[in-house]
Amino acid sequence: MKLIKATEENIPLIQDLAKRSWENAYAEILSVDQMKYMLENMYSEMEISAHLKNPNYHYYLVFDETLNEYDGFLGYENHYEENTTKLHRIYLVPESKGKGLGKKTLEFLNEKVQESGDNRIILNVNKYNSAQKFYESQGYTIYDEGIFDIGNGYVMDDYLMEKFV
């Protein structure tokens, strides 16, 4: 596995990987309409392009060298708060689960966060997403929870997690 820095040319790939992973991760948590709304807004070309123009926001593609295919992506923002990086996005396609890629990707993130001078990583995870247990196994703890209005009558009901590196 290797992580490859994403560019504007990779936006369609990021969108495809997001759709494939979301259809699996959120099938029993979100309605089809909410999932469609969130993907269209959070993963629009304009949104991802704006992230890529932000010098503190980074996207990396998770590439399986053995199978010569992309398995997912990572999106994070250094200096989101004082000494804090926010993990905005980490998604793997369903067929890549169980290969240890999530753990390796978070280890990569830990290194990048330390290189940036930050010492804390925060993330939001849906309260009903089994990924919460994965994050806990990697040293993250819940420090708060929140319900966030994302428009169109939809909300995100999340735990806020953190890890110090």
# chains A, B, ... in the order shown; residues from 1 in each chain; ligands from 1

call {"tool": "select_by_dssp", "arguments": {"residues": "stretch 10-40 of chain A", "states": "helix (DSSP H, G or I)", "output": "PDB file with N, CA, C and O atoms, in the first residue's frame"}}
result
ATOM      1  N   ASN A  10      -7.521  14.218  -9.828  1.00  0.00           N
ATOM      2  CA  ASN A  10      -8.056  13.061  -9.108  1.00  0.00           C
ATOM      3  C   ASN A  10      -9.461  13.279  -8.559  1.00  0.00           C
ATOM      4  O   ASN A  10     -10.013  12.378  -7.930  1.00  0.00           O
ATOM      5  N   ILE A  11     -10.053  14.454  -8.778  1.00  0.00           N
ATOM      6  CA  ILE A  11     -11.378  14.730  -8.218  1.00  0.00           C
ATOM      7  C   ILE A  11     -12.410  13.676  -8.646  1.00  0.00           C
ATOM      8  O   ILE A  11     -13.130  13.152  -7.787  1.00  0.00           O
ATOM      9  N   PRO A  12     -12.507  13.303  -9.930  1.00  0.00           N
ATOM     10  CA  PRO A  12     -13.488  12.260 -10.280  1.00  0.00           C
ATOM     11  C   PRO A  12     -13.233  10.932  -9.565  1.00  0.00           C
ATOM     12  O   PRO A  12     -14.183  10.243  -9.170  1.00  0.00           O
ATOM     13  N   LEU A  13     -11.980  10.584  -9.354  1.00  0.00           N
ATOM     14  CA  LEU A  13     -11.643   9.355  -8.638  1.00  0.00           C
ATOM     15  C   LEU A  13     -12.082   9.468  -7.170  1.00  0.00           C
ATOM     16  O   LEU A  13     -12.675   8.524  -6.625  1.00  0.00           O
ATOM     17  N   ILE A  14     -11.814  10.597  -6.535  1.00  0.00           N
ATOM     18  CA  ILE A  14     -12.237  10.808  -5.146  1.00  0.00           C
ATOM     19  C   ILE A  14     -13.753  10.702  -5.056  1.00  0.00           C
ATOM     20  O   ILE A  14     -14.293  10.050  -4.147  1.00  0.00           O
ATOM     21  N   GLN A  15     -14.462  11.312  -5.996  1.00  0.00           N
ATOM     22  CA  GLN A  15     -15.924  11.249  -5.998  1.00  0.00           C
ATOM     23  C   GLN A  15     -16.414   9.806  -6.133  1.00  0.00           C
ATOM     24  O   GLN A  15     -17.339   9.388  -5.432  1.00  0.00           O
ATOM     25  N   ASP A  16     -15.792   9.043  -7.003  1.00  0.00           N
ATOM     26  CA  ASP A  16     -16.182   7.646  -7.200  1.00  0.00           C
ATOM     27  C   ASP A  16     -15.902   6.817  -5.951  1.00  0.00           C
ATOM     28  O   ASP A  16     -16.744   6.020  -5.516  1.00  0.00           O
ATOM     29  N   LEU A  17     -14.732   6.991  -5.362  1.00  0.00           N
ATOM     30  CA  LEU A  17     -14.388   6.251  -4.149  1.00  0.00           C
ATOM     31  C   LEU A  17     -15.327   6.617  -3.000  1.00  0.00           C
ATOM     32  O   LEU A  17     -15.732   5.743  -2.215  1.00  0.00           O
ATOM     33  N   ALA A  18     -15.685   7.895  -2.899  1.00  0.00           N
ATOM     34  CA  ALA A  18     -16.621   8.329  -1.848  1.00  0.00           C
ATOM     35  C   ALA A  18     -17.971   7.651  -2.033  1.00  0.00           C
ATOM     36  O   ALA A  18     -18.525   7.086  -1.092  1.00  0.00           O
ATOM     37  N   LYS A  19     -18.482   7.673  -3.247  1.00  0.00           N
ATOM     38  CA  LYS A  19     -19.790   7.064  -3.531  1.00  0.00           C
ATOM     39  C   LYS A  19     -19.777   5.573  -3.204  1.00  0.00           C
ATOM     40  O   LYS A  19     -20.679   5.066  -2.533  1.00  0.00           O
ATOM     41  N   ARG A  20     -18.741   4.881  -3.643  1.00  0.00           N
ATOM     42  CA  ARG A  20     -18.657   3.430  -3.413  1.00  0.00           C
ATOM     43  C   ARG A  20     -18.554   3.104  -1.924  1.00  0.00           C
ATOM     44  O   ARG A  20     -19.168   2.154  -1.447  1.00  0.00           O
ATOM     45  N   SER A  21     -17.774   3.886  -1.194  1.00  0.00           N
ATOM     46  CA  SER A  21     -17.618   3.595   0.232  1.00  0.00           C
ATOM     47  C   SER A  21     -18.861   4.017   1.024  1.00  0.00           C
ATOM     48  O   SER A  21     -19.273   3.314   1.945  1.00  0.00           O
ATOM     49  N   TRP A  22     -19.457   5.134   0.661  1.00  0.00           N
ATOM     50  CA  TRP A  22     -20.647   5.612   1.372  1.00  0.00           C
ATOM     51  C   TRP A  22     -21.819   4.656   1.195  1.00  0.00           C
ATOM     52  O   TRP A  22     -22.580   4.428   2.129  1.00  0.00           O
ATOM     53  N   GLU A  23     -21.983   4.123  -0.002  1.00  0.00           N
ATOM     54  CA  GLU A  23     -23.105   3.216  -0.249  1.00  0.00           C
ATOM     55  C   GLU A  23     -23.046   2.020   0.686  1.00  0.00           C
ATOM     56  O   GLU A  23     -24.065   1.455   1.050  1.00  0.00           O
ATOM     57  N   ASN A  24     -21.849   1.648   1.097  1.00  0.00           N
ATOM     58  CA  ASN A  24     -21.677   0.544   2.035  1.00  0.00           C
ATOM     59  C   ASN A  24     -21.736   1.031   3.481  1.00  0.00           C
ATOM     60  O   ASN A  24     -22.466   0.482   4.294  1.00  0.00           O
ATOM     61  N   ALA A  25     -20.983   2.068   3.802  1.00  0.00           N
ATOM     62  CA  ALA A  25     -20.850   2.529   5.190  1.00  0.00           C
ATOM     63  C   ALA A  25     -22.144   3.107   5.759  1.00  0.00           C
ATOM     64  O   ALA A  25     -22.421   2.965   6.949  1.00  0.00           O
ATOM     65  N   VAL A  32     -31.434   7.168   1.427  1.00  0.00           N
ATOM     66  CA  VAL A  32     -30.837   7.318   0.096  1.00  0.00           C
ATOM     67  C   VAL A  32     -30.797   8.793  -0.283  1.00  0.00           C
ATOM     68  O   VAL A  32     -29.804   9.283  -0.825  1.00  0.00           O
ATOM     69  N   ASP A  33     -31.862   9.518   0.025  1.00  0.00           N
ATOM     70  CA  ASP A  33     -31.928  10.938  -0.318  1.00  0.00           C
ATOM     71  C   ASP A  33     -30.874  11.757   0.428  1.00  0.00           C
ATOM     72  O   ASP A  33     -30.231  12.628  -0.153  1.00  0.00           O
ATOM     73  N   GLN A  34     -30.685  11.471   1.736  1.00  0.00           N
ATOM     74  CA  GLN A  34     -29.679  12.218   2.495  1.00  0.00           C
ATOM     75  C   GLN A  34     -28.280  11.899   1.990  1.00  0.00           C
ATOM     76  O   GLN A  34     -27.448  12.786   1.851  1.00  0.00           O
ATOM     77  N   MET A  35     -28.047  10.628   1.695  1.00  0.00           N
ATOM     78  CA  MET A  35     -26.728  10.240   1.189  1.00  0.00           C
ATOM     79  C   MET A  35     -26.435  10.955  -0.131  1.00  0.00           C
ATOM     80  O   MET A  35     -25.350  11.498  -0.327  1.00  0.00           O
ATOM     81  N   LYS A  36     -27.421  10.982  -1.010  1.00  0.00           N
ATOM     82  CA  LYS A  36     -27.268  11.651  -2.305  1.00  0.00           C
ATOM     83  C   LYS A  36     -26.996  13.141  -2.106  1.00  0.00           C
ATOM     84  O   LYS A  36     -26.087  13.708  -2.717  1.00  0.00           O
ATOM     85  N   TYR A  37     -27.760  13.767  -1.230  1.00  0.00           N
ATOM     86  CA  TYR A  37     -27.593  15.191  -0.942  1.00  0.00           C
ATOM     87  C   TYR A  37     -26.182  15.482  -0.424  1.00  0.00           C
ATOM     88  O   TYR A  37     -25.505  16.400  -0.880  1.00  0.00           O
ATOM     89  N   MET A  38     -25.729  14.679   0.541  1.00  0.00           N
ATOM     90  CA  MET A  38     -24.415  14.909   1.138  1.00  0.00           C
ATOM     91  C   MET A  38     -23.294  14.678   0.129  1.00  0.00           C
ATOM     92  O   MET A  38     -22.340  15.459   0.065  1.00  0.00           O
ATOM     93  N   LEU A  39     -23.397  13.618  -0.650  1.00  0.00           N
ATOM     94  CA  LEU A  39     -22.365  13.356  -1.655  1.00  0.00           C
ATOM     95  C   LEU A  39     -22.301  14.483  -2.688  1.00  0.00           C
ATOM     96  O   LEU A  39     -21.213  14.926  -3.063  1.00  0.00           O
ATOM     97  N   GLU A  40     -23.463  14.949  -3.124  1.00  0.00           N
ATOM     98  CA  GLU A  40     -23.496  16.018  -4.133  1.00  0.00           C
ATOM     99  C   GLU A  40     -22.905  17.317  -3.594  1.00  0.00           C
ATOM    100  O   GLU A  40     -22.292  18.072  -4.343  1.00  0.00           O
TER     101      GLU A  40
END

call {"tool": "closest_atom_pairs", "arguments": {"of": "stretch 138-165 of chain A", "to": "stretch 119-123 of chain A", "cutoff": "7 Å", "atoms": "only C-alpha atoms", "output": "JSON lines"}}
result
{"residue": "A:Leu160", "atom": "CA", "partner": "A:Leu123", "partner_atom": "CA", "distance": 5.8}
{"residue": "A:Met161", "atom": "CA", "partner": "A:Leu123", "partner_atom": "CA", "distance": 5.3}
{"residue": "A:Glu162", "atom": "CA", "partner": "A:Ile122", "partner_atom": "CA", "distance": 4.3}
{"residue": "A:Lys163", "atom": "CA", "partner": "A:Ile121", "partner_atom": "CA", "distance": 5.2}
{"residue": "A:Phe164", "atom": "CA", "partner": "A:Arg120", "partner_atom": "CA", "distance": 4.3}
{"residue": "A:Val165", "atom": "CA", "partner": "A:Asn119", "partner_atom": "CA", "distance": 5.0}

call {"tool": "write_last_selection", "arguments": {"atoms": "N, CA, C and O atoms", "output": "short mmCIF file (atom, residue, chain, number, x, y, z; two decimals), in the first residue's frame"}}
result
data_model
loop_
_atom_site.label_atom_id
_atom_site.label_comp_id
_atom_site.auth_asym_id
_atom_site.auth_seq_id
_atom_site.Cartn_x
_atom_site.Cartn_y
_atom_site.Cartn_z
N LEU A 160 -17.76 13.38 18.62
CA LEU A 160 -16.52 14.09 18.33
C LEU A 160 -15.42 13.33 19.05
O LEU A 160 -15.50 13.09 20.27
N MET A 161 -14.41 12.91 18.30
CA MET A 161 -13.34 12.09 18.86
C MET A 161 -12.01 12.81 18.71
O MET A 161 -11.86 13.68 17.84
N GLU A 162 -11.07 12.44 19.56
CA GLU A 162 -9.73 13.05 19.50
C GLU A 162 -8.66 12.02 19.85
O GLU A 162 -8.94 11.01 20.51
N LYS A 163 -7.47 12.35 19.41
CA LYS A 163 -6.28 11.56 19.75
C LYS A 163 -5.11 12.53 19.81
O LYS A 163 -4.97 13.40 18.95
N PHE A 164 -4.26 12.33 20.80
CA PHE A 164 -3.05 13.14 20.90
C PHE A 164 -1.89 12.33 20.36
O PHE A 164 -1.77 11.13 20.65
N VAL A 165 -1.06 12.97 19.53
CA VAL A 165 0.07 12.27 18.89
C VAL A 165 1.39 12.93 19.26
O VAL A 165 1.45 14.05 19.67
#

call {"tool": "closest_atom_pairs", "arguments": {"of": "stretch 21-110 of chain A", "to": "stretch 129-152 of chain A", "cutoff": "8 Å", "atoms": "only C-alpha atoms", "output": "Markdown table"}}
result
| residue | atom | partner | partner_atom | distance |
| --- | --- | --- | --- | --- |
| A:Ala25 | CA | A:Asn129 | CA | 7.3 |
| A:Tyr26 | CA | A:Asn129 | CA | 7.5 |
| A:Ile29 | CA | A:Asn129 | CA | 7.4 |
| A:Lys103 | CA | A:Gln138 | CA | 7.4 |

call {"tool": "closest_atom_pairs", "arguments": {"of": "stretch 4-67 of chain A", "to": "stretch 71-94 of chain A", "cutoff": "6 Å", "atoms": "only C-alpha atoms", "output": "CSV"}}
result
residue,atom,partner,partner_atom,distance
A:Leu17,CA,A:Gly72,CA,5.9
A:Arg20,CA,A:Val93,CA,5.9
A:Ser21,CA,A:Val93,CA,4.5
A:Asn56,CA,A:Asn78,CA,5.1
A:Tyr57,CA,A:Glu77,CA,4.2
A:His58,CA,A:Tyr76,CA,5.5
A:Tyr59,CA,A:Gly75,CA,4.4
A:Tyr60,CA,A:Leu74,CA,5.1
A:Leu61,CA,A:Phe73,CA,4.3
A:Val62,CA,A:Gly72,CA,5.0
A:Phe63,CA,A:Asp71,CA,5.9

call {"tool": "write_last_selection", "arguments": {"atoms": "N, CA, C and O atoms", "output": "PDB file, in the first residue's frame"}}
result
ATOM      1  N   LEU A  17     -14.732   6.991  -5.362  1.00  0.00           N
ATOM      2  CA  LEU A  17     -14.388   6.251  -4.149  1.00  0.00           C
ATOM      3  C   LEU A  17     -15.327   6.617  -3.000  1.00  0.00           C
ATOM      4  O   LEU A  17     -15.732   5.743  -2.215  1.00  0.00           O
ATOM      5  N   ARG A  20     -18.741   4.881  -3.643  1.00  0.00           N
ATOM      6  CA  ARG A  20     -18.657   3.430  -3.413  1.00  0.00           C
ATOM      7  C   ARG A  20     -18.554   3.104  -1.924  1.00  0.00           C
ATOM      8  O   ARG A  20     -19.168   2.154  -1.447  1.00  0.00           O
ATOM      9  N   SER A  21     -17.774   3.886  -1.194  1.00  0.00           N
ATOM     10  CA  SER A  21     -17.618   3.595   0.232  1.00  0.00           C
ATOM     11  C   SER A  21     -18.861   4.017   1.024  1.00  0.00           C
ATOM     12  O   SER A  21     -19.273   3.314   1.945  1.00  0.00           O
ATOM     13  N   ASN A  56      -3.423  24.037   3.870  1.00  0.00           N
ATOM     14  CA  ASN A  56      -3.473  23.182   5.057  1.00  0.00           C
ATOM     15  C   ASN A  56      -4.327  21.932   4.863  1.00  0.00           C
ATOM     16  O   ASN A  56      -4.357  21.068   5.734  1.00  0.00           O
ATOM     17  N   TYR A  57      -5.059  21.849   3.757  1.00  0.00           N
ATOM     18  CA  TYR A  57      -5.963  20.720   3.510  1.00  0.00           C
ATOM     19  C   TYR A  57      -5.273  19.763   2.541  1.00  0.00           C
ATOM     20  O   TYR A  57      -4.804  20.181   1.485  1.00  0.00           O
ATOM     21  N   HIS A  58      -5.236  18.498   2.895  1.00  0.00           N
ATOM     22  CA  HIS A  58      -4.517  17.513   2.092  1.00  0.00           C
ATOM     23  C   HIS A  58      -5.398  16.303   1.794  1.00  0.00           C
ATOM     24  O   HIS A  58      -6.099  15.814   2.680  1.00  0.00           O
ATOM     25  N   TYR A  59      -5.316  15.848   0.564  1.00  0.00           N
ATOM     26  CA  TYR A  59      -5.965  14.596   0.155  1.00  0.00           C
ATOM     27  C   TYR A  59      -4.877  13.619  -0.280  1.00  0.00           C
ATOM     28  O   TYR A  59      -3.955  13.998  -1.005  1.00  0.00           O
ATOM     29  N   TYR A  60      -5.020  12.391   0.157  1.00  0.00           N
ATOM     30  CA  TYR A  60      -4.147  11.309  -0.284  1.00  0.00           C
ATOM     31  C   TYR A  60      -5.007  10.145  -0.741  1.00  0.00           C
ATOM     32  O   TYR A  60      -6.023   9.837  -0.105  1.00  0.00           O
ATOM     33  N   LEU A  61      -4.596   9.526  -1.821  1.00  0.00           N
ATOM     34  CA  LEU A  61      -5.266   8.341  -2.347  1.00  0.00           C
ATOM     35  C   LEU A  61      -4.579   7.101  -1.788  1.00  0.00           C
ATOM     36  O   LEU A  61      -3.352   7.035  -1.749  1.00  0.00           O
ATOM     37  N   VAL A  62      -5.380   6.138  -1.359  1.00  0.00           N
ATOM     38  CA  VAL A  62      -4.858   4.871  -0.851  1.00  0.00           C
ATOM     39  C   VAL A  62      -4.756   3.924  -2.045  1.00  0.00           C
ATOM     40  O   VAL A  62      -5.770   3.590  -2.669  1.00  0.00           O
ATOM     41  N   PHE A  63      -3.520   3.540  -2.365  1.00  0.00           N
ATOM     42  CA  PHE A  63      -3.278   2.727  -3.552  1.00  0.00           C
ATOM     43  C   PHE A  63      -2.733   1.362  -3.154  1.00  0.00           C
ATOM     44  O   PHE A  63      -1.746   1.266  -2.423  1.00  0.00           O
TER      45      PHE A  63
END

call {"tool": "closest_residue", "arguments": {"among": "A:Met42, A:Ala6, A:Ala50, A:Asp157", "to": "A:Tyr70", "atoms": "only C-alpha atoms"}}
result
A:Ala6

call {"tool": "decode", "arguments": {"residues": "stretch 142-154 of chain A", "atoms": "all heavy atoms", "output": "short mmCIF file (atom, residue, chain, number, x, y, z; two decimals), in the first residue's frame"}}
result
data_model
loop_
_atom_site.label_atom_id
_atom_site.label_comp_id
_atom_site.auth_asym_id
_atom_site.auth_seq_id
_atom_site.Cartn_x
_atom_site.Cartn_y
_atom_site.Cartn_z
N ILE A 142 -13.89 9.61 22.65
CA ILE A 142 -14.98 10.57 22.48
C ILE A 142 -14.80 11.70 23.49
O ILE A 142 -14.60 11.44 24.68
CB ILE A 142 -16.35 9.90 22.69
CG1 ILE A 142 -16.58 8.84 21.60
CG2 ILE A 142 -17.47 10.93 22.70
CD1 ILE A 142 -17.79 7.95 21.84
N TYR A 143 -14.85 12.94 23.02
CA TYR A 143 -14.76 14.06 23.95
C TYR A 143 -16.02 14.91 23.95
O TYR A 143 -16.20 15.77 24.81
CB TYR A 143 -13.51 14.92 23.68
CG TYR A 143 -13.54 15.73 22.40
CD1 TYR A 143 -14.04 17.03 22.38
CD2 TYR A 143 -13.04 15.20 21.22
CE1 TYR A 143 -14.05 17.79 21.21
CE2 TYR A 143 -13.05 15.94 20.05
CZ TYR A 143 -13.56 17.22 20.05
OH TYR A 143 -13.58 17.95 18.89
N ASP A 144 -16.92 14.67 22.99
CA ASP A 144 -18.17 15.43 22.93
C ASP A 144 -19.07 14.78 21.89
O ASP A 144 -18.69 13.80 21.24
CB ASP A 144 -17.89 16.89 22.55
CG ASP A 144 -18.99 17.86 23.01
OD1 ASP A 144 -20.04 17.41 23.52
OD2 ASP A 144 -18.80 19.08 22.85
N GLU A 145 -20.25 15.33 21.73
CA GLU A 145 -21.15 14.90 20.66
C GLU A 145 -21.89 16.12 20.16
O GLU A 145 -21.92 17.16 20.83
CB GLU A 145 -22.11 13.81 21.14
CG GLU A 145 -22.94 14.17 22.35
CD GLU A 145 -23.76 12.98 22.82
OE1 GLU A 145 -23.22 12.13 23.55
OE2 GLU A 145 -24.95 12.92 22.45
N GLY A 146 -22.44 16.01 18.97
CA GLY A 146 -23.15 17.16 18.42
C GLY A 146 -24.09 16.76 17.30
O GLY A 146 -23.91 15.72 16.66
N ILE A 147 -25.09 17.59 17.13
CA ILE A 147 -26.02 17.44 16.01
C ILE A 147 -25.81 18.67 15.14
O ILE A 147 -25.94 19.81 15.61
CB ILE A 147 -27.47 17.33 16.51
CG1 ILE A 147 -27.61 16.06 17.35
CG2 ILE A 147 -28.43 17.32 15.33
CD1 ILE A 147 -28.98 15.86 17.98
N PHE A 148 -25.44 18.43 13.89
CA PHE A 148 -25.05 19.51 12.98
C PHE A 148 -26.03 19.60 11.82
O PHE A 148 -26.23 18.62 11.10
CB PHE A 148 -23.63 19.27 12.46
CG PHE A 148 -22.64 19.10 13.57
CD1 PHE A 148 -22.30 17.83 14.04
CD2 PHE A 148 -22.06 20.20 14.18
CE1 PHE A 148 -21.39 17.67 15.08
CE2 PHE A 148 -21.16 20.05 15.22
CZ PHE A 148 -20.82 18.78 15.67
N ASP A 149 -26.62 20.78 11.63
CA ASP A 149 -27.54 21.03 10.52
C ASP A 149 -26.72 21.17 9.24
O ASP A 149 -25.84 22.02 9.14
CB ASP A 149 -28.32 22.32 10.79
CG ASP A 149 -29.37 22.62 9.74
OD1 ASP A 149 -29.32 22.04 8.63
OD2 ASP A 149 -30.25 23.44 10.03
N ILE A 150 -27.00 20.31 8.26
CA ILE A 150 -26.25 20.37 7.01
C ILE A 150 -27.11 20.85 5.84
O ILE A 150 -26.72 20.75 4.69
CB ILE A 150 -25.60 19.00 6.68
CG1 ILE A 150 -26.66 17.90 6.63
CG2 ILE A 150 -24.51 18.69 7.68
CD1 ILE A 150 -26.15 16.58 6.09
N GLY A 151 -28.29 21.35 6.17
CA GLY A 151 -29.17 21.90 5.14
C GLY A 151 -30.16 20.89 4.61
O GLY A 151 -30.06 19.69 4.85
N ASN A 152 -31.16 21.39 3.90
CA ASN A 152 -32.17 20.57 3.24
C ASN A 152 -32.96 19.70 4.24
O ASN A 152 -33.48 18.66 3.87
CB ASN A 152 -31.54 19.70 2.16
CG ASN A 152 -32.47 19.46 0.99
OD1 ASN A 152 -33.23 20.35 0.62
ND2 ASN A 152 -32.41 18.28 0.41
N GLY A 153 -32.98 20.13 5.51
CA GLY A 153 -33.70 19.38 6.54
C GLY A 153 -32.91 18.21 7.12
O GLY A 153 -33.45 17.42 7.90
N TYR A 154 -31.65 18.07 6.76
CA TYR A 154 -30.83 16.96 7.23
C TYR A 154 -29.87 17.42 8.33
O TYR A 154 -29.44 18.57 8.35
CB TYR A 154 -30.00 16.37 6.09
CG TYR A 154 -30.83 15.80 4.97
CD1 TYR A 154 -30.71 16.31 3.67
CD2 TYR A 154 -31.72 14.76 5.19
CE1 TYR A 154 -31.46 15.77 2.63
CE2 TYR A 154 -32.48 14.23 4.14
CZ TYR A 154 -32.34 14.74 2.88
OH TYR A 154 -33.09 14.22 1.85
#
